[in-house]
Amino acid sequence: MAMPQTKKLLVLKEYAGVRLDVFLHAHYPDFSRSWIQRLIKKGNAAINDKKAHPSRKLKTGDEVEFELELPPEISLEPDPSLSDKIKIIFENDDFLVINKPTGISVHPPPSEPKGTVVNWLIWHYPPIKSVGDNPENGNIRPGLVHRLDKDTSGVMVIAKNQKIFLWLKKQFQTRQVTKKYLALINGSPQDENGKIEFNITRSKADPTKNTVSRLKTVGRSALTYWSVLRRYADHTLVEVTPKTGRMHQIRVHLKAMGWPVSGDRKYGSSRSDPKHLGRMFLHARYLSFLSSSNEKFSFSAPLPEELEECLRNIPFVVK
């Protein structure tokens with residue numbers, strides 16, 4: 001097991017009154033709450049320099065110090081099983097661009113120790129284990145500068161060396177990367193395009209989910225642009241361009257507008273989904289960024305056949 005990673009976290013107003021274990025789970029959603037509780041009971045967490053119980057309620061301004069350890073079930077073993085599913089769009093010495101299928105996690109959570117993009121990467125590119133934020137201290141996201149949700153398909157870029165990892169990461173942080181998604185939503189917006197600018201914060205009821213806040217002082221700022229591509233009888237195909245990269249941003253923002261993504265089991269309702277849609281209709285179709293020599297690269301991934309089939313089988317509106 002890797003050495004503990006000590007982190008210091010300041011409790012903001014939005015987490016006042018929240019349990020310590022819920023707070024830490026919200027900041028480390030890739031780890032189960034039970035594992036985080038185990039670490040707290042072991043003595044790995046302190047509030048204002050005093051060891052605390054998982055149920056301790058937090059106050060605004062508290063400083064939480066936490067030693068994160070990887071659970072033993074997380075595996076970074078190479079796994080060739082996805083070689084016929086993950087398609088390589090482009091690669092050079094610096095980065096790799098792939099088309100990720102739906103149903104595949106990007107990195108291994110405790111409940112899914114292998115069969116992820118990371119396990120596939122390590123199989124095909126063993127040196128990538130030394131690329132990332134903590135390559136010497138339990139790096140479970142080698143080469144990853146961004147991610148897609150498990151049920152989202154589409155284009156991803158992965159760094160193959162540390163120099164490019166830092167270069168691409170900075171571009172994502174400074175919003176120089178352009179990302180465009182296709183989403184089928186339940187409902188019909190009145191306008192043809194618009195923007196959504198609600199802050200995003202963790203749900204206190206379920207720390208694995210996010211929600212919006214209409215208060216600028218609560219949560220983190222988030223901006224999403226959308227435009228209608230095609231209107232159907234009960235659904236709308238939209239292109240979505242997120243300008244920030246918050247967890248579940250597109251799904252949370254569209255739900256807040258009353259247009260949940262079709263097939264989204266976490267934020268939507270199956271009652272309004274198209275019949276026979278067996279997955280979430282969210283696909284990363286376009287990605288562009290600059291190389292370290294300032295050359296612009298643009299990549300796209302076609303809409304998967306199962307999503308094309310879905311569109312062929314729902315009635316559209318003729319203008």
# chains A, B, ... in the order shown; residues from 1 in each chain; ligands from 1
$ select_by_dssp --residues "range 116-314 of chain A" --states "alpha helix (DSSP H)" --output "PyMOL selection string"
chain A and resi 117-124+162-173+249-256+305-312
$ select_by_dssp --residues "range 29-203 of chain A" --states "strand (DSSP E or B)" --output "PyMOL selection string"
chain A and resi 45-47+50-51+57+63-68+87-91+95-100+144+153-159+178-186+193-196+199-202
$ closest_residue --among "A:Leu282, A:Val228, A:Leu168, A:Leu68" --to "Lys195 in chain A" --atoms "only C-alpha atoms"
A:Val228
$ atom_distance --atom1 "CA of Ser105 in chain A" --atom2 "CA of Arg285 in chain A"
17.7 Å
$ residues_around --residues "His25 in chain A" --least-positions-apart "2" --cutoff "10 Å" --atoms "only C-alpha atoms" --output "number ranges by chain"
A: 19-23, 27-37, 207-208
$ write_last_selection --atoms "N, CA and C atoms" --output "PDB file, in the first residue's frame"
ATOM      1  N   ARG A  19     -21.393  15.963   8.674  1.00  0.00           N
ATOM      2  CA  ARG A  19     -20.520  15.024   9.359  1.00  0.00           C
ATOM      3  C   ARG A  19     -19.138  14.989   8.699  1.00  0.00           C
ATOM      4  N   LEU A  20     -18.128  14.673   9.505  1.00  0.00           N
ATOM      5  CA  LEU A  20     -16.760  14.590   8.997  1.00  0.00           C
ATOM      6  C   LEU A  20     -16.630  13.548   7.891  1.00  0.00           C
ATOM      7  N   ASP A  21     -17.222  12.365   8.087  1.00  0.00           N
ATOM      8  CA  ASP A  21     -17.083  11.317   7.065  1.00  0.00           C
ATOM      9  C   ASP A  21     -17.783  11.701   5.768  1.00  0.00           C
ATOM     10  N   VAL A  22     -18.927  12.389   5.869  1.00  0.00           N
ATOM     11  CA  VAL A  22     -19.637  12.835   4.670  1.00  0.00           C
ATOM     12  C   VAL A  22     -18.820  13.899   3.942  1.00  0.00           C
ATOM     13  N   PHE A  23     -18.229  14.807   4.705  1.00  0.00           N
ATOM     14  CA  PHE A  23     -17.383  15.857   4.132  1.00  0.00           C
ATOM     15  C   PHE A  23     -16.207  15.261   3.360  1.00  0.00           C
ATOM     16  N   HIS A  27     -15.214  15.021  -0.823  1.00  0.00           N
ATOM     17  CA  HIS A  27     -13.958  15.454  -1.429  1.00  0.00           C
ATOM     18  C   HIS A  27     -13.192  14.301  -2.077  1.00  0.00           C
ATOM     19  N   TYR A  28     -13.513  13.083  -1.676  1.00  0.00           N
ATOM     20  CA  TYR A  28     -12.856  11.907  -2.250  1.00  0.00           C
ATOM     21  C   TYR A  28     -13.915  10.886  -2.691  1.00  0.00           C
ATOM     22  N   PRO A  29     -14.720  11.228  -3.707  1.00  0.00           N
ATOM     23  CA  PRO A  29     -15.840  10.369  -4.107  1.00  0.00           C
ATOM     24  C   PRO A  29     -15.415   9.036  -4.716  1.00  0.00           C
ATOM     25  N   ASP A  30     -14.152   8.910  -5.094  1.00  0.00           N
ATOM     26  CA  ASP A  30     -13.688   7.642  -5.662  1.00  0.00           C
ATOM     27  C   ASP A  30     -13.465   6.575  -4.594  1.00  0.00           C
ATOM     28  N   PHE A  31     -13.538   6.966  -3.328  1.00  0.00           N
ATOM     29  CA  PHE A  31     -13.343   6.027  -2.231  1.00  0.00           C
ATOM     30  C   PHE A  31     -14.661   5.871  -1.480  1.00  0.00           C
ATOM     31  N   SER A  32     -14.950   4.666  -1.061  1.00  0.00           N
ATOM     32  CA  SER A  32     -16.216   4.402  -0.380  1.00  0.00           C
ATOM     33  C   SER A  32     -16.257   5.113   0.974  1.00  0.00           C
ATOM     34  N   ARG A  33     -17.480   5.423   1.405  1.00  0.00           N
ATOM     35  CA  ARG A  33     -17.630   6.082   2.698  1.00  0.00           C
ATOM     36  C   ARG A  33     -17.164   5.172   3.831  1.00  0.00           C
ATOM     37  N   SER A  34     -17.377   3.871   3.668  1.00  0.00           N
ATOM     38  CA  SER A  34     -16.956   2.936   4.713  1.00  0.00           C
ATOM     39  C   SER A  34     -15.432   2.925   4.861  1.00  0.00           C
ATOM     40  N   TRP A  35     -14.709   3.046   3.723  1.00  0.00           N
ATOM     41  CA  TRP A  35     -13.251   3.086   3.785  1.00  0.00           C
ATOM     42  C   TRP A  35     -12.784   4.368   4.465  1.00  0.00           C
ATOM     43  N   ILE A  36     -13.432   5.483   4.147  1.00  0.00           N
ATOM     44  CA  ILE A  36     -13.071   6.755   4.772  1.00  0.00           C
ATOM     45  C   ILE A  36     -13.355   6.706   6.277  1.00  0.00           C
ATOM     46  N   GLN A  37     -14.490   6.106   6.663  1.00  0.00           N
ATOM     47  CA  GLN A  37     -14.794   5.960   8.091  1.00  0.00           C
ATOM     48  C   GLN A  37     -13.721   5.127   8.792  1.00  0.00           C
ATOM     49  N   PRO A 207     -23.747  12.456  -0.863  1.00  0.00           N
ATOM     50  CA  PRO A 207     -22.467  13.053  -1.260  1.00  0.00           C
ATOM     51  C   PRO A 207     -21.892  12.505  -2.560  1.00  0.00           C
ATOM     52  N   THR A 208     -22.508  11.472  -3.131  1.00  0.00           N
ATOM     53  CA  THR A 208     -22.066  11.002  -4.442  1.00  0.00           C
ATOM     54  C   THR A 208     -22.701  11.807  -5.568  1.00  0.00           C
TER      55      THR A 208
END
$ closest_residue --among "A:Asn199, A:Thr211, A:Ser153, A:Asn92" --to "Ile104 in chain A" --atoms "only C-alpha atoms"
A:Ser153
$ closest_residue --among "A:Gln162, A:Phe95, A:Pro274, A:Tyr125" --to "Phe289 in chain A" --atoms "only C-alpha atoms"
A:Phe95
